[in-house]
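First comes the structure, then the notes that go with it.
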Amino acid sequence: SPLAQRTPTYTSQARTRAGLMGNLLKVLACAELEHGPIVFLDFEHAQPTEAETAVWNQVSAVLEEAHGILAELQSYNGAGQEIREAIQNPGDLALQEKAWNAVCPLVAKLKRFYEFSLRLENALRSLLEALTSPPYAPMQHLEREQALAKQFAEILHFTLSFDELKMTNPAIQNDFSYYRRTISRNRLNNQQLEAENEVNNEMANRMSLFYAEATPMLKTLSNATTKFVSENKTLPIEDTTDCLSTMACVCRVMLETPEYRCRFTNTDTMLFCMRVMVGVIILYDHVHPVGAFAKTSKIDMKGCIKVLKEQPSNSVEGLLNALRYTTRHLHDDSTSKQIRALLQ
């Protein structure tokens, strides 16, 4: 998986890539594209240039943890059985204790996931600053800063992977609800539980809001992007949304063009590319005033949905659902009936 390849190798070629762009980068003029030339984003092999190194190192430190977080979430089974037994036998103290002891380590995990979302938010902010800074246009940024574009893609890939797993695991909210109910009950009885030192009331409130979202990581990223735009008054909003739409366009063209697709040496790269495309569409839809689905949108939504629908349904159903349920403007009057029909 592209997330795994993260050790920088500073060859002389990598050092001069800022000027020459090396052999990895191909700027391919596509006459049929309204948005000008398309750049092949090397999601598999891009290495940081010296100019990218500071931001790359900062983001890399966060992404190091992403694999572990996904693995932990994937193996998260919850304490459903213990909680059921405790609720059915309220007088049995041994069962109450058994449920509590099962839930506490799980809540500690959920706290780690939540804290990771905050670090991910800071990493995204650093990447947005780097990929939208003057004087370069979005396409130039993607050409010049392939390794940062790859990291931005890795954050989106992680985000959609995390949210897909979270959406299909009701144990997360059940465990956390039981934890909060038990803390409240004990507080009424003036009992302080050790676990409260780990997750105090304020932290529990913040975690509650986070896990109440259908797609908590995506919500974190879209809030961070919206905040980035509102705080950078001197930076036109188009600089950020154009960065997102350009990335969506690049991913779509890479997916639908056999000569680019055949450059993917890893079968996971197709899914990676699709997740990234959907991620940037959703961010664009949350940040852009009229969203991704309007006729004036710079994203070819029909083309993007078509590319997804050409893949086996089991690998893209979660992504299509993300477009159906986590975008902001799909049901606006400005969305064409055709696009709505494609997503039905």
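Naming works like this for the structure tokens: A, B, ... for the chains as they're shown, residue 1 at the start of each chain, ligands 1 onward in shown order.
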Give me, as CSV, the closest atom pair and its distance (Å, one decimal) for every residue of range 119-234 of chain A within a cut-off of 12 Å of range 266-283 of chain A, counting only C-alpha atoms, rows sorted by chain and rising number.
residue,atom,partner,partner_atom,distance
A:Leu124,CA,A:Leu283,CA,11.8
A:Ala149,CA,A:Val276,CA,10.6
A:Lys150,CA,A:Val276,CA,9.8
A:Gln151,CA,A:Val276,CA,10.7
A:Phe152,CA,A:Val276,CA,8.7
A:Ala153,CA,A:Val276,CA,5.5
A:Glu154,CA,A:Val276,CA,7.7
A:Ile155,CA,A:Val276,CA,8.6
A:Leu156,CA,A:Val276,CA,5.5
A:His157,CA,A:Arg275,CA,5.5
A:Phe158,CA,A:Arg275,CA,8.9
A:Thr159,CA,A:Gly279,CA,8.1
A:Leu160,CA,A:Arg275,CA,6.6
A:Ser161,CA,A:Arg275,CA,8.1
A:Phe162,CA,A:Arg275,CA,11.4
A:Asp163,CA,A:Gly279,CA,11.2
A:Glu164,CA,A:Arg275,CA,10.8
A:Thr215,CA,A:Ile282,CA,11.4
A:Met217,CA,A:Gly279,CA,10.9
A:Leu218,CA,A:Gly279,CA,7.9
A:Lys219,CA,A:Leu283,CA,9.1
A:Thr220,CA,A:Leu283,CA,10.4
A:Leu221,CA,A:Leu283,CA,7.5
A:Ser222,CA,A:Leu283,CA,5.4
A:Asn223,CA,A:Leu283,CA,9.0
A:Ala224,CA,A:Leu283,CA,9.8
A:Thr225,CA,A:Leu283,CA,7.4
A:Thr226,CA,A:Leu283,CA,8.7
A:Val229,CA,A:Leu283,CA,11.9
For Ser117 in chain A, please output as an mmCIF file with N, CA, C and O atoms, in the first residue's frame all residues within 9 Å (counting only C-alpha atoms; exclusion window: fewer than 3 positions along the same chain).
data_model
loop_
_atom_site.group_PDB
_atom_site.id
_atom_site.type_symbol
_atom_site.label_atom_id
_atom_site.label_comp_id
_atom_site.auth_asym_id
_atom_site.auth_seq_id
_atom_site.Cartn_x
_atom_site.Cartn_y
_atom_site.Cartn_z
ATOM 1 N N ARG A 112 -7.344 7.403 21.820
ATOM 2 C CA ARG A 112 -6.173 7.490 20.937
ATOM 3 C C ARG A 112 -6.584 7.845 19.513
ATOM 4 O O ARG A 112 -5.952 8.655 18.853
ATOM 5 N N PHE A 113 -7.677 7.226 19.040
ATOM 6 C CA PHE A 113 -8.155 7.520 17.682
ATOM 7 C C PHE A 113 -8.550 8.997 17.570
ATOM 8 O O PHE A 113 -8.231 9.662 16.595
ATOM 9 N N TYR A 114 -9.262 9.467 18.602
ATOM 10 C CA TYR A 114 -9.707 10.868 18.592
ATOM 11 C C TYR A 114 -8.509 11.818 18.603
ATOM 12 O O TYR A 114 -8.454 12.784 17.838
ATOM 13 N N LEU A 120 -3.911 14.768 12.792
ATOM 14 C CA LEU A 120 -4.169 14.706 11.344
ATOM 15 C C LEU A 120 -4.637 16.074 10.827
ATOM 16 O O LEU A 120 -4.245 16.518 9.752
ATOM 17 N N GLU A 121 -5.430 16.736 11.627
ATOM 18 C CA GLU A 121 -5.933 18.075 11.290
ATOM 19 C C GLU A 121 -4.767 19.055 11.113
ATOM 20 O O GLU A 121 -4.727 19.821 10.146
ATOM 21 N N ASN A 122 -3.798 19.013 12.025
ATOM 22 C CA ASN A 122 -2.622 19.894 11.918
ATOM 23 C C ASN A 122 -1.781 19.561 10.701
ATOM 24 O O ASN A 122 -1.257 20.452 10.021
ATOM 25 N N PRO A 216 -16.516 10.581 11.134
ATOM 26 C CA PRO A 216 -15.834 11.556 12.011
ATOM 27 C C PRO A 216 -14.531 12.123 11.446
ATOM 28 O O PRO A 216 -14.263 13.311 11.590
ATOM 29 N N MET A 217 -13.712 11.287 10.798
ATOM 30 C CA MET A 217 -12.422 11.793 10.286
ATOM 31 C C MET A 217 -12.644 12.770 9.134
ATOM 32 O O MET A 217 -11.968 13.790 9.030
ATOM 33 N N THR A 220 -13.706 16.024 10.475
ATOM 34 C CA THR A 220 -12.537 16.725 11.020
ATOM 35 C C THR A 220 -11.792 17.439 9.891
ATOM 36 O O THR A 220 -11.428 18.614 10.014
ATOM 37 N N LEU A 221 -11.570 16.727 8.774
ATOM 38 C CA LEU A 221 -10.831 17.322 7.651
ATOM 39 C C LEU A 221 -11.612 18.446 6.990
ATOM 40 O O LEU A 221 -11.033 19.469 6.622
#
Problem set entry | Point-to-point distance from CA of Ile305 in chain A to CA of Glu143 in chain A, Å rounded to tenths |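 Rounded to one decimal, the two atoms are 25.3 Å apart.
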| query | Using the chain letters and numbers from this document, which residues of range 69-173 of chain A does DSSP assign to helix (DSSP H, G or I), as a PyMOL selection string? | reply | chain A and resi 69-74+80-88+93-132+138-144+146-167+171-173
Using only C-alpha atoms, which residues sit within 9 Å of Ser208 in chain A once same-chain residues fewer than 3 positions away are excluded, as JSON, numbers by chain?
{"A": [173, 176, 177, 203, 204, 205, 211, 212, 213]}
